[in-house]
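What's in target_29.txt: compact mmCIF, C-alpha atoms
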```
# COMPACT_ATOMS: atom_id res chain seq x y z
CA MET A 1 179.91 47.53 97.91
CA ALA A 2 181.62 50.83 98.63
CA SER A 3 184.06 50.55 95.70
CA SER A 4 181.35 49.60 93.20
CA THR A 5 179.22 52.58 94.26
CA VAL A 6 182.24 54.89 93.98
CA LEU A 7 182.68 53.75 90.36
CA ILE A 8 179.01 54.44 89.66
CA SER A 9 179.28 57.88 91.27
CA GLN A 10 182.28 58.71 89.09
CA TRP A 11 180.88 57.43 85.81
CA PHE A 12 177.33 58.84 86.13
CA GLN A 13 175.68 62.01 87.38
CA GLY A 14 172.21 63.21 88.38
CA GLN A 15 169.23 61.07 87.41
CA GLN A 16 171.43 58.62 85.51
CA ARG A 17 173.38 58.00 88.70
CA LEU A 18 170.18 57.34 90.64
CA ILE A 19 169.03 54.89 87.95
CA MET A 20 172.37 53.04 88.04
CA ILE A 21 172.33 52.82 91.84
CA ALA A 22 168.78 51.45 91.59
CA LYS A 23 170.06 48.86 89.11
CA GLN A 24 172.87 48.04 91.54
CA GLY A 25 170.27 47.41 94.25
CA MET A 26 168.28 45.27 91.82
CA ALA A 27 171.37 43.22 91.04
CA ILE A 28 172.14 42.71 94.73
CA GLU A 29 168.60 41.54 95.45
CA PHE A 30 168.50 39.34 92.34
CA GLY A 31 171.53 37.61 93.81
CA GLY A 32 169.38 37.02 96.88
CA VAL A 33 166.69 35.46 94.70
CA ILE A 34 169.15 32.97 93.22
CA PHE A 35 171.20 32.20 96.32
CA LEU A 36 168.27 31.90 98.75
CA PHE A 37 166.35 29.68 96.35
CA PHE A 38 169.25 27.29 95.75
CA GLY A 39 170.30 27.59 99.40
CA GLY A 40 166.89 26.21 100.38
CA MET A 41 167.16 23.42 97.82
CA LEU A 42 170.64 22.43 98.98
CA ALA A 43 169.76 22.67 102.69
CA ALA A 44 166.92 20.22 102.10
CA LYS A 45 169.53 17.67 100.97
CA TYR A 46 172.20 18.36 103.60
CA ARG A 47 172.78 21.27 105.97
CA ALA A 48 176.38 21.97 104.81
CA LEU A 49 175.69 22.04 101.06
CA PRO A 50 174.57 25.72 100.88
CA PHE A 51 178.18 26.74 101.60
CA LEU A 52 179.06 25.53 98.09
CA LEU A 53 177.37 28.69 96.81
CA TYR A 54 180.42 30.69 97.94
CA LEU A 55 182.37 29.10 95.08
CA ALA A 56 180.46 31.45 92.76
CA ALA A 57 182.93 34.15 93.87
CA TRP A 58 185.48 32.69 91.42
CA LEU A 59 183.00 33.21 88.58
CA PHE A 60 182.40 36.79 89.67
CA LEU A 61 186.16 37.44 89.79
CA ILE A 62 186.44 36.30 86.17
CA MET A 63 183.51 38.53 85.20
CA LEU A 64 185.15 41.47 86.99
CA LEU A 65 188.39 41.02 85.06
CA LEU A 66 186.62 40.58 81.72
CA TYR A 67 183.82 43.13 81.82
CA VAL A 68 184.57 45.95 84.29
CA PRO A 69 186.86 48.46 82.53
CA ARG A 70 189.87 49.93 84.28
CA HIS A 71 188.90 53.33 82.88
CA SER A 72 185.83 54.70 81.17
CA HIS A 73 185.27 57.49 78.66
CA THR A 74 182.42 58.64 80.90
CA LEU A 75 184.73 58.94 83.92
CA LEU A 76 184.62 62.58 84.96
CA ASP A 77 187.82 64.54 85.35
CA THR A 78 188.62 65.04 89.03
CA LYS A 79 189.07 68.82 88.85
CA GLU A 80 185.95 69.21 86.70
CA THR A 81 183.96 67.16 89.18
CA GLU A 82 185.21 69.15 92.16
CA ASN A 83 184.34 72.44 90.47
CA ASN A 84 181.00 71.64 88.86
CA GLU A 85 179.29 69.00 90.95
CA LYS A 86 176.87 70.28 93.56
CA VAL A 87 176.65 68.62 96.95
CA THR A 88 173.12 68.17 98.17
CA SER A 89 172.86 69.12 101.84
CA ASP A 90 169.17 69.89 102.28
CA GLY A 91 166.87 67.54 104.16
CA LEU A 92 168.35 64.55 105.95
CA SER A 93 171.98 64.75 107.04
CA LEU A 94 174.60 62.08 106.41
CA ASN A 95 174.39 60.90 110.02
CA SER A 96 170.62 60.54 109.65
CA ILE A 97 171.16 58.52 106.47
CA TYR A 98 173.62 56.21 108.22
CA LEU A 99 171.18 55.70 111.09
CA LEU A 100 168.30 54.98 108.71
CA SER A 101 170.54 52.50 106.86
CA VAL A 102 171.19 50.63 110.11
CA LEU A 103 167.47 50.63 110.96
CA SER A 104 166.37 49.57 107.46
CA THR A 105 168.77 46.65 107.13
CA GLY A 106 168.18 45.62 110.74
CA THR A 107 164.43 45.63 110.14
CA PHE A 108 164.83 43.73 106.88
CA PHE A 109 167.21 41.02 108.08
CA THR A 110 165.23 40.44 111.25
CA ILE A 111 162.73 38.83 108.88
CA PHE A 112 165.43 36.52 107.51
CA VAL A 113 166.45 35.50 111.04
CA LEU A 114 163.05 34.95 112.63
CA LEU A 115 160.73 34.02 109.78
CA PRO A 116 162.39 30.63 109.09
CA LEU A 117 162.00 29.76 112.79
CA THR A 118 158.34 30.75 112.68
CA MET A 119 157.73 28.79 109.49
CA HIS A 120 159.50 25.75 110.94
CA THR A 121 157.17 25.71 113.94
CA LEU A 122 154.24 25.92 111.51
CA GLY A 123 155.46 22.81 109.69
CA TYR A 124 157.12 24.30 106.60
CA ASP A 125 160.29 22.59 105.33
CA GLU A 126 163.60 24.11 104.19
CA ARG A 127 162.60 24.19 100.51
CA GLN A 128 159.45 26.18 101.23
CA VAL A 129 161.35 28.58 103.48
CA GLY A 130 163.97 29.13 100.78
CA ILE A 131 161.30 29.85 98.16
CA LEU A 132 159.54 32.40 100.38
CA LEU A 133 162.78 34.18 101.31
CA SER A 134 163.89 34.30 97.67
CA SER A 135 160.51 35.79 96.74
CA ILE A 136 161.25 38.66 99.15
CA SER A 137 164.42 39.44 97.22
CA PHE A 138 162.56 39.14 93.92
CA VAL A 139 160.01 41.74 95.05
CA ALA A 140 162.89 43.98 96.18
CA VAL A 141 164.31 43.80 92.64
CA ILE A 142 161.01 45.04 91.21
CA ALA A 143 160.61 47.72 93.90
CA ALA A 144 164.13 49.06 93.28
CA SER A 145 163.32 49.44 89.57
CA PHE A 146 160.47 51.84 90.44
CA MET A 147 162.44 53.73 93.10
CA PRO A 148 163.97 56.48 90.88
CA ARG A 149 160.57 57.52 89.47
CA LEU A 150 158.87 57.43 92.86
CA SER A 151 161.71 59.45 94.38
CA LYS A 152 161.04 62.25 91.88
CA VAL A 153 157.30 62.19 92.62
CA LEU A 154 157.27 61.73 96.41
CA GLY A 155 160.64 63.07 97.48
CA GLU A 156 163.26 61.30 99.56
CA SER A 157 161.72 61.49 103.03
CA LYS A 158 158.23 60.48 101.90
CA LEU A 159 159.59 57.52 99.96
CA LEU A 160 161.58 56.41 103.00
CA SER A 161 158.41 56.82 105.07
CA THR A 162 156.60 54.61 102.55
CA ALA A 163 159.38 52.02 102.86
CA PHE A 164 158.93 51.74 106.63
CA ILE A 165 155.14 51.59 106.22
CA ALA A 166 155.78 48.58 103.97
CA TYR A 167 158.09 47.04 106.60
CA GLY A 168 155.44 47.56 109.31
CA SER A 169 152.76 45.99 107.09
CA ALA A 170 155.04 43.00 106.52
CA TYR A 171 155.53 42.42 110.24
CA LEU A 172 151.78 42.77 110.78
CA CYS A 173 151.28 39.94 108.30
CA PHE A 174 154.00 37.79 109.87
CA VAL A 175 152.26 37.95 113.25
CA GLN A 176 149.61 35.73 111.65
CA SER A 177 150.24 32.11 110.65
CA ASP A 178 148.19 32.06 107.44
CA LEU A 179 150.13 31.17 104.27
CA ILE A 180 148.47 33.93 102.24
CA LEU A 181 149.49 36.53 104.82
CA LEU A 182 153.05 35.18 104.83
CA ILE A 183 153.17 35.75 101.06
CA VAL A 184 151.69 39.25 101.39
CA GLY A 185 154.23 40.00 104.13
CA ALA A 186 157.03 38.85 101.85
CA ILE A 187 155.81 41.31 99.20
CA PHE A 188 155.70 44.21 101.66
CA SER A 189 159.15 43.45 103.08
CA GLY A 190 160.66 43.36 99.59
CA ILE A 191 159.06 46.72 98.82
CA GLY A 192 160.51 48.20 102.01
CA PHE A 193 164.05 47.15 101.15
CA GLY A 194 163.82 48.06 97.46
CA PHE A 195 162.58 51.56 98.28
CA SER A 196 165.01 52.29 101.12
CA ILE A 197 168.56 50.96 100.70
CA PRO A 198 169.19 52.00 97.05
CA LEU A 199 167.73 55.43 97.83
CA LEU A 200 169.87 55.83 100.97
CA ASN A 201 172.89 54.80 98.90
CA HIS A 202 172.13 57.51 96.36
CA MET A 203 171.50 60.09 99.10
CA THR A 204 174.96 59.35 100.52
CA VAL A 205 176.52 60.02 97.12
CA GLU A 206 174.55 63.22 96.58
CA ARG A 207 175.59 64.62 99.98
CA SER A 208 179.28 63.84 99.54
CA SER A 209 181.88 65.91 97.74
CA TYR A 210 184.25 64.16 95.36
CA LYS A 211 187.14 64.13 97.86
CA VAL A 212 185.24 62.38 100.69
CA ARG A 213 182.78 60.30 98.67
CA GLY A 214 184.72 57.06 99.03
CA LYS A 215 185.00 57.54 102.79
CA ASN A 216 181.31 58.36 103.18
CA LEU A 217 180.27 55.37 101.08
CA SER A 218 182.46 53.20 103.31
CA TYR A 219 180.56 54.55 106.32
CA PHE A 220 177.30 53.78 104.52
CA THR A 221 178.45 50.21 103.88
CA MET A 222 179.44 49.87 107.54
CA ALA A 223 175.96 51.09 108.53
CA VAL A 224 174.27 48.56 106.23
CA PHE A 225 176.21 45.63 107.64
CA SER A 226 175.86 46.93 111.19
CA GLY A 227 172.10 46.53 110.74
CA GLN A 228 172.67 42.92 109.74
CA PHE A 229 175.00 42.38 112.68
CA LEU A 230 172.49 43.70 115.22
CA THR A 231 170.00 41.02 114.20
CA SER A 232 172.35 38.50 115.86
CA PHE A 233 171.05 39.66 119.26
CA LEU A 234 167.38 39.07 118.48
CA ASP A 235 167.23 35.87 120.53
CA VAL A 236 168.09 37.98 123.59
CA LEU A 237 165.03 40.20 123.12
CA SER A 238 162.42 37.48 123.18
CA GLU A 239 162.10 33.75 122.68
CA ASN A 240 158.76 34.36 120.96
CA PRO A 241 159.22 35.64 117.36
CA THR A 242 155.61 36.83 117.30
CA GLN A 243 156.34 39.33 120.08
CA VAL A 244 159.33 40.67 118.14
CA PHE A 245 157.18 40.98 115.01
CA GLY A 246 154.60 42.97 116.97
CA SER A 247 157.26 45.27 118.40
CA PHE A 248 158.60 46.01 114.94
CA VAL A 249 155.11 46.97 113.73
CA GLY A 250 155.02 49.78 116.30
CA PHE A 251 158.63 50.78 115.64
CA CYS A 252 158.07 51.06 111.87
CA CYS A 253 154.90 53.10 112.36
CA VAL A 254 156.67 55.61 114.61
CA LEU A 255 159.68 55.95 112.30
CA SER A 256 157.44 56.32 109.26
CA PHE A 257 155.51 59.11 110.99
CA VAL A 258 158.74 60.93 111.91
CA LEU A 259 159.98 60.76 108.31
CA PHE A 260 156.64 61.98 106.99
CA VAL A 261 156.65 64.95 109.38
CA THR A 262 160.23 65.71 108.32
CA SER A 263 159.19 65.82 104.67
CA ILE A 264 156.27 68.15 105.45
CA ARG A 265 158.50 70.45 107.50
CA LYS A 266 161.07 70.62 104.71
CA ALA A 267 158.34 71.43 102.18
CA VAL A 268 157.03 74.27 104.39
CA GLN A 269 160.53 75.71 104.88
CA SER A 270 161.28 75.65 101.15
CA SER A 271 157.97 77.30 100.18
```

Would you mind writing the structure in this file as structure tokens?
Amino acid sequence: MASSTVLISQWFQGQQRLIMIAKQGMAIEFGGVIFLFFGGMLAAKYRALPFLLYLAAWLFLIMLLLYVPRHSHTLLDTKETENNEKVTSDGLSLNSIYLLSVLSTGTFFTIFVLLPLTMHTLGYDERQVGILLSSISFVAVIAASFMPRLSKVLGESKLLSTAFIAYGSAYLCFVQSDLILLIVGAIFSGIGFGFSIPLLNHMTVERSSYKVRGKNLSYFTMAVFSGQFLTSFLDVLSENPTQVFGSFVGFCCVLSFVLFVTSIRKAVQSS
């Protein structure tokens, strides 16, 4: 993830870079659509069959060798980049971005850990769980496509605030057992991820000079996967997924409010 984003940061600048990072997020989530859907289908046949999906890595290696160029005519000269490229430092700091990345991915993947358990107790089978989880990734693909335009209109902090409002709305839906609300919750959770992670990725690039961009993107990647890792301890918090869902509703509301206040404060200071 870090190396692919470094290539994007070198080959594109400004709004084009944001659009490409959004497309990267769309591609990642579209992989979730495919793999979660077929993972559910295969799990319905036998629990070990979903691991066959890892064989797709050989196909991706071939695609990498065939289609990703070693060099590009759009690759910016190192000295030119160091001299001309501005580093954005206003608003949220890099440490804040890393923390928000941990919180966003942790909030998102908590759904993938607990929702299948909840759906199982409600009588849904593996195929239905796989379809619902893949629909979350599909919505995230669509949300990521709108992210660059919304970022220009709302600004970074307000868009991140909107993302956590969407997460909170998703958890509010998951507290209920109704199928319609589960679908609505899936839509909101996909919106939360599509608005947050690609934007945080872009913010990391914009706040990093050419010399340290690779290192900072590695930290960003570590933060993203740390959020996933922390979901492993969810069973320690509570044996009742509904209680965890309710707790996350409050957490997302508080974090969304803090981000909104931050955006207002920044607007007042700049005016």

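Relative to atom CA of A:Leu36, atom CA of A:Cys253 is found at 28.5 Å.
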
Spatial neighbours of A:Phe108, max dist 9 Å, all atoms listed in the file, sep filter under 5 positions, as a PyMOL selection string: chain A and resi 103+167+189-190+192-193+227-228

Residue neighbourhood A:Ser145, 7 Å, all atoms listed in the file, exclusion window fewer than 3 positions, as a PyMOL selection string: chain A and resi 22-23+26+141-142

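For the set A:Ile97, A:Val244, A:Leu133, A:Ala43, the residue with the smallest atom-to-atom gap to A:His202 is A:Ile97, counting all atoms listed in the file.
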
Computed interatomic separation between atom CA of A:Phe51 and atom CA of A:Gly39 (Å): 8.2 Å

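When all atoms listed in the file are used to compute distances to A:Leu179, the closest of the residues A:Ile165, A:Leu132, A:Met222, A:Ser151 turns out to be A:Leu132.
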
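Interatomic distance, atom CA of A:Arg207 against atom CA of A:Ser93: 7.9 Å.
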
Contacts of A:Met119 within 12 Å, all atoms listed in the file, excl. fewer than 5 positions in-chain, as a list in words: Ile111, Phe112, Val113, Leu114, Tyr124, Asp125, Glu126, Arg127, Gln128, Val129, Gly130, Ile131, Leu132, Leu133, Phe174, Val175, Gln176, Ser177, Asp178, Leu179, Leu182, Ile183, Pro241 and Thr242 of chain A

Neighbour residues at most 8 Å from (168.8, 50.5, 92.4) (all atoms listed in the file) as a ChimeraX atom specification: /A:18-27,144-145,147-148,194,198-199

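With only C-alpha atoms as the basis for measurement, A:Ala143 is the residue among A:Cys252, A:Val212, A:Ala143, A:Leu181 that approaches A:Phe30 most closely.
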
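Nearest residue to A:Arg213 among A:Leu66, A:Leu255, A:Val6, A:Leu172 is A:Val6, counting all atoms listed in the file.
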
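Contact shell of A:Gly214 at 10 Å (all atoms listed in the file; same-chain neighbours under 2 positions omitted): Ala2, Ser3, Thr5, Val6, Leu7, Ser9, Val205, Ser208, Ser209, Tyr210, Lys211, Val212, Asn216, Leu217, Ser218, Tyr219 and Phe220 of chain A.
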
All residues 7 Å or closer to A:Val102, all atoms listed in the file, same chain fewer than 4 positions away omitted, as a compact mmCIF listing (two decimals) with C-alpha atoms, in the coordinates of the input:
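Wrote result.txt, looks like this:
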```txt
# COMPACT_ATOMS: atom_id res chain seq x y z
CA TYR A 98 173.62 56.21 108.22
CA GLY A 106 168.18 45.62 110.74
CA ALA A 223 175.96 51.09 108.53
CA VAL A 224 174.27 48.56 106.23
CA SER A 226 175.86 46.93 111.19
CA GLY A 227 172.10 46.53 110.74
```

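Using all atoms listed in the file, the shortest contact distance between A:Ser4 and any of A:Phe260, A:Val68, A:Leu59, A:Ile180 is found at A:Val68.
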